[in-house]
$ cat protein-v7.txt   # compact mmCIF, N, CA and C atoms
# COMPACT_ATOMS: atom_id res chain seq x y z
N MET A 4 -13.61 8.67 20.91
CA MET A 4 -13.90 9.68 19.94
C MET A 4 -15.37 10.08 20.02
N GLY A 5 -16.26 9.09 20.13
CA GLY A 5 -17.69 9.38 20.21
C GLY A 5 -18.05 10.09 21.51
N LEU A 6 -17.33 9.77 22.61
CA LEU A 6 -17.60 10.39 23.90
C LEU A 6 -17.24 11.87 23.86
N VAL A 7 -16.15 12.21 23.21
CA VAL A 7 -15.75 13.61 23.10
C VAL A 7 -16.79 14.39 22.31
N ARG A 8 -17.33 13.80 21.27
CA ARG A 8 -18.35 14.49 20.47
C ARG A 8 -19.63 14.68 21.27
N LEU A 9 -19.96 13.73 22.15
CA LEU A 9 -21.16 13.88 22.97
C LEU A 9 -21.00 14.99 24.01
N LEU A 10 -19.80 15.06 24.60
CA LEU A 10 -19.58 16.06 25.65
C LEU A 10 -19.37 17.45 25.08
N ARG A 11 -18.75 17.55 23.95
CA ARG A 11 -18.50 18.84 23.30
C ARG A 11 -19.26 18.87 21.98
N ARG A 12 -20.29 19.64 21.93
CA ARG A 12 -21.14 19.65 20.75
C ARG A 12 -20.45 20.24 19.52
N GLY A 13 -19.46 21.07 19.66
CA GLY A 13 -18.81 21.72 18.52
C GLY A 13 -17.75 20.85 17.85
N VAL A 14 -17.39 19.74 18.48
CA VAL A 14 -16.34 18.89 17.95
C VAL A 14 -16.92 17.98 16.88
N ARG A 15 -16.28 17.93 15.74
CA ARG A 15 -16.71 17.08 14.63
C ARG A 15 -15.63 16.06 14.32
N PRO A 16 -16.01 14.94 13.77
CA PRO A 16 -14.99 13.94 13.41
C PRO A 16 -14.13 14.48 12.28
N PRO A 17 -12.86 14.06 12.27
CA PRO A 17 -11.99 14.54 11.19
C PRO A 17 -12.51 14.05 9.84
N ARG A 18 -12.37 14.91 8.84
CA ARG A 18 -12.80 14.55 7.50
C ARG A 18 -11.77 13.60 6.90
N SER A 19 -12.29 12.60 6.25
CA SER A 19 -11.38 11.65 5.63
C SER A 19 -10.79 12.28 4.37
N ARG A 20 -9.50 12.10 4.24
CA ARG A 20 -8.81 12.62 3.08
C ARG A 20 -8.85 11.59 1.97
N ARG A 21 -8.92 12.08 0.78
CA ARG A 21 -8.95 11.16 -0.35
C ARG A 21 -7.51 10.76 -0.67
N THR A 22 -7.18 9.53 -0.34
CA THR A 22 -5.81 9.06 -0.55
C THR A 22 -5.72 8.07 -1.70
N ALA A 23 -6.81 7.44 -2.02
CA ALA A 23 -6.77 6.45 -3.10
C ALA A 23 -6.69 7.15 -4.45
N ALA A 24 -6.02 6.52 -5.38
CA ALA A 24 -5.90 7.09 -6.72
C ALA A 24 -7.25 7.03 -7.41
N GLY A 25 -7.56 8.08 -8.13
CA GLY A 25 -8.81 8.11 -8.87
C GLY A 25 -8.72 7.25 -10.12
N THR A 26 -9.86 7.09 -10.76
CA THR A 26 -9.91 6.28 -11.97
C THR A 26 -9.04 6.87 -13.06
N ALA A 27 -9.09 8.18 -13.21
CA ALA A 27 -8.28 8.82 -14.25
C ALA A 27 -6.79 8.62 -13.99
N GLY A 28 -6.39 8.71 -12.74
CA GLY A 28 -4.98 8.49 -12.40
C GLY A 28 -4.53 7.07 -12.69
N LEU A 29 -5.38 6.11 -12.34
CA LEU A 29 -5.05 4.71 -12.60
C LEU A 29 -5.00 4.43 -14.10
N LEU A 30 -5.95 4.97 -14.85
CA LEU A 30 -5.93 4.77 -16.30
C LEU A 30 -4.70 5.42 -16.93
N GLY A 31 -4.34 6.61 -16.45
CA GLY A 31 -3.15 7.27 -16.97
C GLY A 31 -1.88 6.49 -16.67
N ALA A 32 -1.77 5.98 -15.45
CA ALA A 32 -0.59 5.18 -15.10
C ALA A 32 -0.55 3.90 -15.92
N GLY A 33 -1.69 3.29 -16.13
CA GLY A 33 -1.74 2.07 -16.95
C GLY A 33 -1.36 2.35 -18.39
N ALA A 34 -1.82 3.47 -18.92
CA ALA A 34 -1.47 3.84 -20.29
C ALA A 34 0.02 4.10 -20.42
N LEU A 35 0.60 4.81 -19.46
CA LEU A 35 2.05 5.06 -19.51
C LEU A 35 2.83 3.75 -19.41
N PHE A 36 2.37 2.84 -18.57
CA PHE A 36 3.04 1.56 -18.43
C PHE A 36 2.96 0.77 -19.73
N ALA A 37 1.79 0.79 -20.37
CA ALA A 37 1.64 0.06 -21.63
C ALA A 37 2.48 0.68 -22.74
N LEU A 38 2.54 2.01 -22.77
CA LEU A 38 3.33 2.68 -23.80
C LEU A 38 4.83 2.50 -23.59
N SER A 39 5.24 2.21 -22.36
CA SER A 39 6.66 2.02 -22.09
C SER A 39 7.19 0.73 -22.72
N ALA A 40 6.31 -0.14 -23.18
CA ALA A 40 6.76 -1.37 -23.84
C ALA A 40 7.55 -1.05 -25.10
N ALA A 41 7.25 0.07 -25.73
CA ALA A 41 7.99 0.45 -26.95
C ALA A 41 9.46 0.69 -26.66
N LEU A 42 9.81 0.98 -25.41
CA LEU A 42 11.21 1.21 -25.04
C LEU A 42 11.91 -0.07 -24.61
N ASP A 43 11.18 -1.16 -24.51
CA ASP A 43 11.75 -2.43 -24.09
C ASP A 43 12.42 -3.10 -25.28
N PRO A 44 13.74 -3.32 -25.22
CA PRO A 44 14.43 -3.92 -26.37
C PRO A 44 13.89 -5.29 -26.77
N SER A 45 13.45 -6.07 -25.78
CA SER A 45 12.91 -7.39 -26.15
C SER A 45 11.60 -7.26 -26.91
N PHE A 46 10.79 -6.26 -26.59
CA PHE A 46 9.54 -6.05 -27.31
C PHE A 46 9.81 -5.58 -28.74
N VAL A 47 10.78 -4.69 -28.89
CA VAL A 47 11.12 -4.21 -30.23
C VAL A 47 11.66 -5.35 -31.08
N ALA A 48 12.53 -6.18 -30.49
CA ALA A 48 13.07 -7.32 -31.23
C ALA A 48 11.96 -8.29 -31.60
N LEU A 49 11.05 -8.54 -30.69
CA LEU A 49 9.93 -9.42 -30.98
C LEU A 49 9.07 -8.87 -32.11
N THR A 50 8.82 -7.57 -32.08
CA THR A 50 8.01 -6.96 -33.12
C THR A 50 8.66 -7.12 -34.48
N VAL A 51 9.97 -6.93 -34.54
CA VAL A 51 10.68 -7.08 -35.82
C VAL A 51 10.64 -8.53 -36.28
N LEU A 52 10.96 -9.45 -35.37
CA LEU A 52 10.97 -10.86 -35.76
C LEU A 52 9.57 -11.38 -36.10
N ALA A 53 8.59 -11.01 -35.31
CA ALA A 53 7.23 -11.49 -35.58
C ALA A 53 6.65 -10.82 -36.82
N GLY A 54 7.07 -9.60 -37.10
CA GLY A 54 6.58 -8.92 -38.29
C GLY A 54 7.07 -9.54 -39.57
N ARG A 55 8.13 -10.30 -39.52
CA ARG A 55 8.64 -10.97 -40.72
C ARG A 55 7.79 -12.17 -41.10
N GLY A 56 7.06 -12.70 -40.14
CA GLY A 56 6.18 -13.83 -40.42
C GLY A 56 4.95 -13.37 -41.17
N GLN A 57 4.37 -14.27 -41.93
CA GLN A 57 3.21 -13.92 -42.74
C GLN A 57 1.89 -14.23 -42.03
N GLU A 58 1.91 -15.16 -41.11
CA GLU A 58 0.68 -15.58 -40.47
C GLU A 58 0.34 -14.67 -39.30
N VAL A 59 -0.87 -14.18 -39.29
CA VAL A 59 -1.31 -13.29 -38.23
C VAL A 59 -1.40 -14.04 -36.90
N LEU A 60 -1.79 -15.28 -36.94
CA LEU A 60 -1.89 -16.08 -35.72
C LEU A 60 -0.53 -16.24 -35.05
N ALA A 61 0.50 -16.50 -35.84
CA ALA A 61 1.85 -16.66 -35.28
C ALA A 61 2.33 -15.35 -34.66
N VAL A 62 2.06 -14.24 -35.33
CA VAL A 62 2.46 -12.94 -34.78
C VAL A 62 1.72 -12.67 -33.47
N GLY A 63 0.42 -12.95 -33.46
CA GLY A 63 -0.36 -12.75 -32.23
C GLY A 63 0.11 -13.63 -31.09
N LEU A 64 0.42 -14.90 -31.40
CA LEU A 64 0.91 -15.80 -30.36
C LEU A 64 2.28 -15.37 -29.84
N ALA A 65 3.13 -14.86 -30.73
CA ALA A 65 4.44 -14.38 -30.28
C ALA A 65 4.28 -13.20 -29.32
N HIS A 66 3.39 -12.29 -29.61
CA HIS A 66 3.17 -11.15 -28.72
C HIS A 66 2.53 -11.59 -27.40
N LEU A 67 1.64 -12.56 -27.46
CA LEU A 67 1.03 -13.08 -26.24
C LEU A 67 2.09 -13.75 -25.37
N LEU A 68 2.97 -14.52 -25.97
CA LEU A 68 4.04 -15.18 -25.22
C LEU A 68 4.96 -14.15 -24.59
N TRP A 69 5.30 -13.09 -25.32
CA TRP A 69 6.14 -12.03 -24.76
C TRP A 69 5.45 -11.38 -23.56
N ALA A 70 4.17 -11.10 -23.69
CA ALA A 70 3.44 -10.46 -22.59
C ALA A 70 3.42 -11.36 -21.36
N LEU A 71 3.21 -12.65 -21.56
CA LEU A 71 3.17 -13.57 -20.42
C LEU A 71 4.52 -13.68 -19.73
N ILE A 72 5.59 -13.78 -20.53
CA ILE A 72 6.92 -13.92 -19.93
C ILE A 72 7.38 -12.63 -19.28
N SER A 73 7.20 -11.51 -19.97
CA SER A 73 7.72 -10.25 -19.43
C SER A 73 6.93 -9.76 -18.23
N GLN A 74 5.66 -10.12 -18.15
CA GLN A 74 4.83 -9.66 -17.04
C GLN A 74 4.66 -10.72 -15.95
N ALA A 75 5.35 -11.84 -16.06
CA ALA A 75 5.20 -12.91 -15.08
C ALA A 75 5.53 -12.47 -13.65
N PRO A 76 6.64 -11.77 -13.41
CA PRO A 76 6.91 -11.36 -12.02
C PRO A 76 5.82 -10.45 -11.44
N LEU A 77 5.36 -9.51 -12.24
CA LEU A 77 4.30 -8.61 -11.76
C LEU A 77 3.00 -9.37 -11.53
N THR A 78 2.69 -10.31 -12.42
CA THR A 78 1.48 -11.11 -12.27
C THR A 78 1.56 -11.98 -11.02
N LEU A 79 2.71 -12.61 -10.78
CA LEU A 79 2.86 -13.43 -9.59
C LEU A 79 2.72 -12.60 -8.32
N LEU A 80 3.27 -11.40 -8.32
CA LEU A 80 3.14 -10.53 -7.16
C LEU A 80 1.69 -10.13 -6.95
N LEU A 81 0.99 -9.83 -8.02
CA LEU A 81 -0.42 -9.47 -7.92
C LEU A 81 -1.25 -10.62 -7.35
N VAL A 82 -0.99 -11.83 -7.81
CA VAL A 82 -1.71 -12.99 -7.30
C VAL A 82 -1.38 -13.22 -5.83
N ALA A 83 -0.11 -13.06 -5.46
CA ALA A 83 0.28 -13.25 -4.06
C ALA A 83 -0.40 -12.22 -3.16
N ILE A 84 -0.52 -10.98 -3.63
CA ILE A 84 -1.19 -9.96 -2.83
C ILE A 84 -2.67 -10.28 -2.72
N ALA A 85 -3.29 -10.71 -3.83
CA ALA A 85 -4.72 -11.03 -3.80
C ALA A 85 -5.01 -12.20 -2.86
N VAL A 86 -4.12 -13.18 -2.82
CA VAL A 86 -4.32 -14.34 -1.95
C VAL A 86 -3.95 -14.01 -0.51
N GLY A 87 -3.07 -13.02 -0.32
CA GLY A 87 -2.66 -12.64 1.02
C GLY A 87 -1.40 -13.33 1.49
N SER A 88 -0.63 -13.88 0.56
CA SER A 88 0.59 -14.59 0.95
C SER A 88 1.84 -13.85 0.50
N HIS A 89 1.78 -12.54 0.46
CA HIS A 89 2.92 -11.77 -0.01
C HIS A 89 3.85 -11.32 1.11
N GLU A 90 3.45 -11.48 2.37
CA GLU A 90 4.27 -10.99 3.47
C GLU A 90 5.64 -11.65 3.52
N GLY A 91 5.69 -12.95 3.23
CA GLY A 91 6.98 -13.65 3.26
C GLY A 91 7.93 -13.12 2.20
N ALA A 92 7.40 -12.89 1.00
CA ALA A 92 8.24 -12.35 -0.07
C ALA A 92 8.70 -10.94 0.27
N VAL A 93 7.83 -10.16 0.87
CA VAL A 93 8.20 -8.79 1.25
C VAL A 93 9.30 -8.81 2.30
N GLU A 94 9.19 -9.69 3.27
CA GLU A 94 10.23 -9.78 4.31
C GLU A 94 11.55 -10.26 3.75
N ARG A 95 11.51 -11.24 2.85
CA ARG A 95 12.76 -11.71 2.23
C ARG A 95 13.40 -10.59 1.42
N PHE A 96 12.59 -9.82 0.69
CA PHE A 96 13.14 -8.71 -0.08
C PHE A 96 13.72 -7.64 0.84
N ARG A 97 13.03 -7.34 1.92
CA ARG A 97 13.54 -6.33 2.86
C ARG A 97 14.87 -6.75 3.47
N SER A 98 14.98 -8.01 3.86
CA SER A 98 16.24 -8.45 4.46
C SER A 98 17.35 -8.45 3.42
N TRP A 99 17.03 -8.85 2.18
CA TRP A 99 18.03 -8.81 1.11
C TRP A 99 18.43 -7.37 0.82
N TRP A 100 17.46 -6.45 0.78
CA TRP A 100 17.75 -5.06 0.44
C TRP A 100 18.61 -4.40 1.51
N GLU A 101 18.42 -4.78 2.78
CA GLU A 101 19.26 -4.23 3.84
C GLU A 101 20.72 -4.60 3.64
N ARG A 102 20.96 -5.82 3.14
CA ARG A 102 22.34 -6.24 2.88
C ARG A 102 22.87 -5.63 1.58
N ALA A 103 22.04 -5.51 0.57
CA ALA A 103 22.49 -5.06 -0.75
C ALA A 103 22.53 -3.55 -0.90
N GLN A 104 21.80 -2.84 -0.08
CA GLN A 104 21.68 -1.39 -0.25
C GLN A 104 23.02 -0.65 -0.23
N PRO A 105 23.92 -0.91 0.70
CA PRO A 105 25.20 -0.19 0.66
C PRO A 105 25.99 -0.45 -0.62
N VAL A 106 25.97 -1.69 -1.10
CA VAL A 106 26.70 -2.01 -2.32
C VAL A 106 26.05 -1.33 -3.52
N VAL A 107 24.72 -1.38 -3.58
CA VAL A 107 24.01 -0.76 -4.70
C VAL A 107 24.26 0.74 -4.71
N ARG A 108 24.24 1.36 -3.56
CA ARG A 108 24.52 2.80 -3.49
C ARG A 108 25.91 3.12 -4.03
N ARG A 109 26.90 2.33 -3.62
CA ARG A 109 28.26 2.60 -4.08
C ARG A 109 28.41 2.36 -5.58
N VAL A 110 27.80 1.30 -6.09
CA VAL A 110 27.90 0.99 -7.52
C VAL A 110 27.22 2.06 -8.35
N VAL A 111 26.03 2.48 -7.94
CA VAL A 111 25.31 3.52 -8.70
C VAL A 111 26.07 4.84 -8.64
N THR A 112 26.61 5.18 -7.48
CA THR A 112 27.38 6.42 -7.37
C THR A 112 28.64 6.36 -8.23
N ALA A 113 29.33 5.24 -8.19
CA ALA A 113 30.54 5.10 -9.02
C ALA A 113 30.20 5.15 -10.51
N ALA A 114 29.11 4.52 -10.90
CA ALA A 114 28.72 4.55 -12.31
C ALA A 114 28.37 5.97 -12.75
N ALA A 115 27.65 6.70 -11.91
CA ALA A 115 27.30 8.09 -12.25
C ALA A 115 28.54 8.96 -12.35
N LEU A 116 29.48 8.76 -11.43
CA LEU A 116 30.72 9.53 -11.49
C LEU A 116 31.55 9.17 -12.73
N ALA A 117 31.59 7.90 -13.09
CA ALA A 117 32.34 7.48 -14.28
C ALA A 117 31.72 8.05 -15.54
N VAL A 118 30.41 7.99 -15.66
CA VAL A 118 29.74 8.56 -16.83
C VAL A 118 29.97 10.06 -16.89
N GLY A 119 29.85 10.73 -15.77
CA GLY A 119 30.11 12.17 -15.73
C GLY A 119 31.54 12.51 -16.13
N ALA A 120 32.49 11.73 -15.64
CA ALA A 120 33.89 11.98 -15.98
C ALA A 120 34.14 11.78 -17.47
N VAL A 121 33.55 10.75 -18.05
CA VAL A 121 33.72 10.51 -19.48
C VAL A 121 33.11 11.65 -20.28
N LEU A 122 31.95 12.13 -19.89
CA LEU A 122 31.32 13.23 -20.61
C LEU A 122 32.12 14.53 -20.48
N VAL A 123 32.66 14.79 -19.29
CA VAL A 123 33.50 15.98 -19.11
C VAL A 123 34.78 15.85 -19.94
N LEU A 124 35.38 14.66 -19.96
CA LEU A 124 36.57 14.42 -20.77
C LEU A 124 36.27 14.61 -22.26
N ASP A 125 35.12 14.11 -22.69
CA ASP A 125 34.73 14.25 -24.08
C ASP A 125 34.50 15.71 -24.45
N ALA A 126 33.86 16.46 -23.56
CA ALA A 126 33.65 17.88 -23.82
C ALA A 126 34.97 18.63 -23.85
N GLY A 127 35.88 18.31 -22.93
CA GLY A 127 37.19 18.96 -22.95
C GLY A 127 37.97 18.64 -24.21
N TRP A 128 37.90 17.39 -24.66
CA TRP A 128 38.57 17.00 -25.91
C TRP A 128 38.00 17.77 -27.09
N TRP A 129 36.66 17.96 -27.11
CA TRP A 129 36.03 18.69 -28.20
C TRP A 129 36.47 20.15 -28.20
N PHE A 130 36.56 20.77 -27.00
CA PHE A 130 37.01 22.15 -26.93
C PHE A 130 38.46 22.28 -27.38
N ALA A 131 39.29 21.29 -27.07
CA ALA A 131 40.71 21.36 -27.40
C ALA A 131 40.97 21.04 -28.87
N SER A 132 40.26 20.04 -29.43
CA SER A 132 40.61 19.59 -30.78
C SER A 132 39.52 19.83 -31.81
N GLY A 133 38.32 20.12 -31.39
CA GLY A 133 37.23 20.32 -32.33
C GLY A 133 36.57 19.01 -32.76
N GLU A 134 37.02 17.89 -32.23
CA GLU A 134 36.43 16.60 -32.53
C GLU A 134 36.04 15.91 -31.24
N PHE A 135 35.04 15.06 -31.35
CA PHE A 135 34.60 14.32 -30.16
C PHE A 135 35.54 13.15 -29.91
N LEU A 136 35.78 12.88 -28.64
CA LEU A 136 36.57 11.73 -28.25
C LEU A 136 35.78 10.43 -28.45
N LEU A 137 34.50 10.51 -28.11
CA LEU A 137 33.62 9.37 -28.29
C LEU A 137 33.12 9.34 -29.74
N PRO A 138 33.04 8.18 -30.35
CA PRO A 138 32.55 8.13 -31.73
C PRO A 138 31.07 8.51 -31.81
N GLU A 139 30.72 9.19 -32.87
CA GLU A 139 29.32 9.56 -33.06
C GLU A 139 28.55 8.36 -33.56
N PRO A 140 27.29 8.24 -33.15
CA PRO A 140 26.51 7.07 -33.59
C PRO A 140 26.17 7.10 -35.06

$ encode --input "protein-v7.txt" --output "structure tokens"
Amino acid sequence: MGLVRLLRRGVRPPRSRRTAAGTAGLLGAGALFALSAALDPSFVALTVLAGRGQEVLAVGLAHLLWALISQAPLTLLLVAIAVGSHEGAVERFRSWWERAQPVVRRVVTAAALAVGAVLVLDAGWWFASGEFLLPEP
């Protein structure tokens, strides 16, 4: 690369593209991830159960325990990447995914078709009778 630049004065090195996520992007992704805890049924149940207690320390410890347990797989993966011993886990996952992928594709496709069929049946029942086939919540 350097030899080409010496021989041809008009040739410049390629400009590096910015591929890493910026600080704002990382903060936004982190905020979305943290806010998604409200959709986690175990977090909601913990909040209700811990909120019934009167001691602030017990409520805080319950939330800390939930965070440690629910984030353990992600934390272990982060530690493995930091130490540099994640290649084995990645290879095991890849080999497992190669075997499981056809089954997962079929199950997800069948589930989507079943849900779609139930919704179409429910809509047809509503058009025919004026009532929903599925009970309202």

$ select_by_dssp --input "protein-v7.txt" --residues "segment 15-110 of chain A" --states "alpha helix (DSSP H)" --output "compact mmCIF listing (two decimals) with N, CA and C atoms, in the frame of the given file"
# COMPACT_ATOMS: atom_id res chain seq x y z
N THR A 26 -9.86 7.09 -10.76
CA THR A 26 -9.91 6.28 -11.97
C THR A 26 -9.04 6.87 -13.06
N ALA A 27 -9.09 8.18 -13.21
CA ALA A 27 -8.28 8.82 -14.25
C ALA A 27 -6.79 8.62 -13.99
N GLY A 28 -6.39 8.71 -12.74
CA GLY A 28 -4.98 8.49 -12.40
C GLY A 28 -4.53 7.07 -12.69
N LEU A 29 -5.38 6.11 -12.34
CA LEU A 29 -5.05 4.71 -12.60
C LEU A 29 -5.00 4.43 -14.10
N LEU A 30 -5.95 4.97 -14.85
CA LEU A 30 -5.93 4.77 -16.30
C LEU A 30 -4.70 5.42 -16.93
N GLY A 31 -4.34 6.61 -16.45
CA GLY A 31 -3.15 7.27 -16.97
C GLY A 31 -1.88 6.49 -16.67
N ALA A 32 -1.77 5.98 -15.45
CA ALA A 32 -0.59 5.18 -15.10
C ALA A 32 -0.55 3.90 -15.92
N GLY A 33 -1.69 3.29 -16.13
CA GLY A 33 -1.74 2.07 -16.95
C GLY A 33 -1.36 2.35 -18.39
N ALA A 34 -1.82 3.47 -18.92
CA ALA A 34 -1.47 3.84 -20.29
C ALA A 34 0.02 4.10 -20.42
N LEU A 35 0.60 4.81 -19.46
CA LEU A 35 2.05 5.06 -19.51
C LEU A 35 2.83 3.75 -19.41
N PHE A 36 2.37 2.84 -18.57
CA PHE A 36 3.04 1.56 -18.43
C PHE A 36 2.96 0.77 -19.73
N ALA A 37 1.79 0.79 -20.37
CA ALA A 37 1.64 0.06 -21.63
C ALA A 37 2.48 0.68 -22.74
N LEU A 38 2.54 2.01 -22.77
CA LEU A 38 3.33 2.68 -23.80
C LEU A 38 4.83 2.50 -23.59
N PRO A 44 13.74 -3.32 -25.22
CA PRO A 44 14.43 -3.92 -26.37
C PRO A 44 13.89 -5.29 -26.77
N SER A 45 13.45 -6.07 -25.78
CA SER A 45 12.91 -7.39 -26.15
C SER A 45 11.60 -7.26 -26.91
N PHE A 46 10.79 -6.26 -26.59
CA PHE A 46 9.54 -6.05 -27.31
C PHE A 46 9.81 -5.58 -28.74
N VAL A 47 10.78 -4.69 -28.89
CA VAL A 47 11.12 -4.21 -30.23
C VAL A 47 11.66 -5.35 -31.08
N ALA A 48 12.53 -6.18 -30.49
CA ALA A 48 13.07 -7.32 -31.23
C ALA A 48 11.96 -8.29 -31.60
N LEU A 49 11.05 -8.54 -30.69
CA LEU A 49 9.93 -9.42 -30.98
C LEU A 49 9.07 -8.87 -32.11
N THR A 50 8.82 -7.57 -32.08
CA THR A 50 8.01 -6.96 -33.12
C THR A 50 8.66 -7.12 -34.48
N VAL A 51 9.97 -6.93 -34.54
CA VAL A 51 10.68 -7.08 -35.82
C VAL A 51 10.64 -8.53 -36.28
N LEU A 52 10.96 -9.45 -35.37
CA LEU A 52 10.97 -10.86 -35.76
C LEU A 52 9.57 -11.38 -36.10
N ALA A 53 8.59 -11.01 -35.31
CA ALA A 53 7.23 -11.49 -35.58
C ALA A 53 6.65 -10.82 -36.82
N GLY A 54 7.07 -9.60 -37.10
CA GLY A 54 6.58 -8.92 -38.29
C GLY A 54 7.07 -9.54 -39.57
N VAL A 59 -0.87 -14.18 -39.29
CA VAL A 59 -1.31 -13.29 -38.23
C VAL A 59 -1.40 -14.04 -36.90
N LEU A 60 -1.79 -15.28 -36.94
CA LEU A 60 -1.89 -16.08 -35.72
C LEU A 60 -0.53 -16.24 -35.05
N ALA A 61 0.50 -16.50 -35.84
CA ALA A 61 1.85 -16.66 -35.28
C ALA A 61 2.33 -15.35 -34.66
N VAL A 62 2.06 -14.24 -35.33
CA VAL A 62 2.46 -12.94 -34.78
C VAL A 62 1.72 -12.67 -33.47
N GLY A 63 0.42 -12.95 -33.46
CA GLY A 63 -0.36 -12.75 -32.23
C GLY A 63 0.11 -13.63 -31.09
N LEU A 64 0.42 -14.90 -31.40
CA LEU A 64 0.91 -15.80 -30.36
C LEU A 64 2.28 -15.37 -29.84
N ALA A 65 3.13 -14.86 -30.73
CA ALA A 65 4.44 -14.38 -30.28
C ALA A 65 4.28 -13.20 -29.32
N HIS A 66 3.39 -12.29 -29.61
CA HIS A 66 3.17 -11.15 -28.72
C HIS A 66 2.53 -11.59 -27.40
N LEU A 67 1.64 -12.56 -27.46
CA LEU A 67 1.03 -13.08 -26.24
C LEU A 67 2.09 -13.75 -25.37
N LEU A 68 2.97 -14.52 -25.97
CA LEU A 68 4.04 -15.18 -25.22
C LEU A 68 4.96 -14.15 -24.59
N TRP A 69 5.30 -13.09 -25.32
CA TRP A 69 6.14 -12.03 -24.76
C TRP A 69 5.45 -11.38 -23.56
N ALA A 70 4.17 -11.10 -23.69
CA ALA A 70 3.44 -10.46 -22.59
C ALA A 70 3.42 -11.36 -21.36
N LEU A 71 3.21 -12.65 -21.56
CA LEU A 71 3.17 -13.57 -20.42
C LEU A 71 4.52 -13.68 -19.73
N ILE A 72 5.59 -13.78 -20.53
CA ILE A 72 6.92 -13.92 -19.93
C ILE A 72 7.38 -12.63 -19.28
N SER A 73 7.20 -11.51 -19.97
CA SER A 73 7.72 -10.25 -19.43
C SER A 73 6.93 -9.76 -18.23
N ALA A 75 5.35 -11.84 -16.06
CA ALA A 75 5.20 -12.91 -15.08
C ALA A 75 5.53 -12.47 -13.65
N PRO A 76 6.64 -11.77 -13.41
CA PRO A 76 6.91 -11.36 -12.02
C PRO A 76 5.82 -10.45 -11.44
N LEU A 77 5.36 -9.51 -12.24
CA LEU A 77 4.30 -8.61 -11.76
C LEU A 77 3.00 -9.37 -11.53
N THR A 78 2.69 -10.31 -12.42
CA THR A 78 1.48 -11.11 -12.27
C THR A 78 1.56 -11.98 -11.02
N LEU A 79 2.71 -12.61 -10.78
CA LEU A 79 2.86 -13.43 -9.59
C LEU A 79 2.72 -12.60 -8.32
N LEU A 80 3.27 -11.40 -8.32
CA LEU A 80 3.14 -10.53 -7.16
C LEU A 80 1.69 -10.13 -6.95
N LEU A 81 0.99 -9.83 -8.02
CA LEU A 81 -0.42 -9.47 -7.92
C LEU A 81 -1.25 -10.62 -7.35
N VAL A 82 -0.99 -11.83 -7.81
CA VAL A 82 -1.71 -12.99 -7.30
C VAL A 82 -1.38 -13.22 -5.83
N ALA A 83 -0.11 -13.06 -5.46
CA ALA A 83 0.28 -13.25 -4.06
C ALA A 83 -0.40 -12.22 -3.16
N ILE A 84 -0.52 -10.98 -3.63
CA ILE A 84 -1.19 -9.96 -2.83
C ILE A 84 -2.67 -10.28 -2.72
N ALA A 85 -3.29 -10.71 -3.83
CA ALA A 85 -4.72 -11.03 -3.80
C ALA A 85 -5.01 -12.20 -2.86
N VAL A 86 -4.12 -13.18 -2.82
CA VAL A 86 -4.32 -14.34 -1.95
C VAL A 86 -3.95 -14.01 -0.51
N GLU A 90 3.45 -11.48 2.37
CA GLU A 90 4.27 -10.99 3.47
C GLU A 90 5.64 -11.65 3.52
N GLY A 91 5.69 -12.95 3.23
CA GLY A 91 6.98 -13.65 3.26
C GLY A 91 7.93 -13.12 2.20
N ALA A 92 7.40 -12.89 1.00
CA ALA A 92 8.24 -12.35 -0.07
C ALA A 92 8.70 -10.94 0.27
N VAL A 93 7.83 -10.16 0.87
CA VAL A 93 8.20 -8.79 1.25
C VAL A 93 9.30 -8.81 2.30
N GLU A 94 9.19 -9.69 3.27
CA GLU A 94 10.23 -9.78 4.31
C GLU A 94 11.55 -10.26 3.75
N ARG A 95 11.51 -11.24 2.85
CA ARG A 95 12.76 -11.71 2.23
C ARG A 95 13.40 -10.59 1.42
N PHE A 96 12.59 -9.82 0.69
CA PHE A 96 13.14 -8.71 -0.08
C PHE A 96 13.72 -7.64 0.84
N ARG A 97 13.03 -7.34 1.92
CA ARG A 97 13.54 -6.33 2.86
C ARG A 97 14.87 -6.75 3.47
N SER A 98 14.98 -8.01 3.86
CA SER A 98 16.24 -8.45 4.46
C SER A 98 17.35 -8.45 3.42
N TRP A 99 17.03 -8.85 2.18
CA TRP A 99 18.03 -8.81 1.11
C TRP A 99 18.43 -7.37 0.82
N TRP A 100 17.46 -6.45 0.78
CA TRP A 100 17.75 -5.06 0.44
C TRP A 100 18.61 -4.40 1.51
N GLU A 101 18.42 -4.78 2.78
CA GLU A 101 19.26 -4.23 3.84
C GLU A 101 20.72 -4.60 3.64
N ARG A 102 20.96 -5.82 3.14
CA ARG A 102 22.34 -6.24 2.88
C ARG A 102 22.87 -5.63 1.58
N ALA A 103 22.04 -5.51 0.57
CA ALA A 103 22.49 -5.06 -0.75
C ALA A 103 22.53 -3.55 -0.90
N GLN A 104 21.80 -2.84 -0.08
CA GLN A 104 21.68 -1.39 -0.25
C GLN A 104 23.02 -0.65 -0.23
N PRO A 105 23.92 -0.91 0.70
CA PRO A 105 25.20 -0.19 0.66
C PRO A 105 25.99 -0.45 -0.62
N VAL A 106 25.97 -1.69 -1.10
CA VAL A 106 26.70 -2.01 -2.32
C VAL A 106 26.05 -1.33 -3.52
N VAL A 107 24.72 -1.38 -3.58
CA VAL A 107 24.01 -0.76 -4.70
C VAL A 107 24.26 0.74 -4.71
N ARG A 108 24.24 1.36 -3.56
CA ARG A 108 24.52 2.80 -3.49
C ARG A 108 25.91 3.12 -4.03
N ARG A 109 26.90 2.33 -3.62
CA ARG A 109 28.26 2.60 -4.08
C ARG A 109 28.41 2.36 -5.58
N VAL A 110 27.80 1.30 -6.09
CA VAL A 110 27.90 0.99 -7.52
C VAL A 110 27.22 2.06 -8.35

$ atom_distance --input "protein-v7.txt" --atom1 "atom CA of Arg102 of chain A" --atom2 "atom N of Val121 of chain A"
29.2 Å

$ atom_distance --input "protein-v7.txt" --atom1 "atom N of Ala40 of chain A" --atom2 "atom CA of Gln104 of chain A"
27.6 Å

$ atom_distance --input "protein-v7.txt" --atom1 "atom CA of Leu79 of chain A" --atom2 "atom CA of His66 of chain A"
19.3 Å
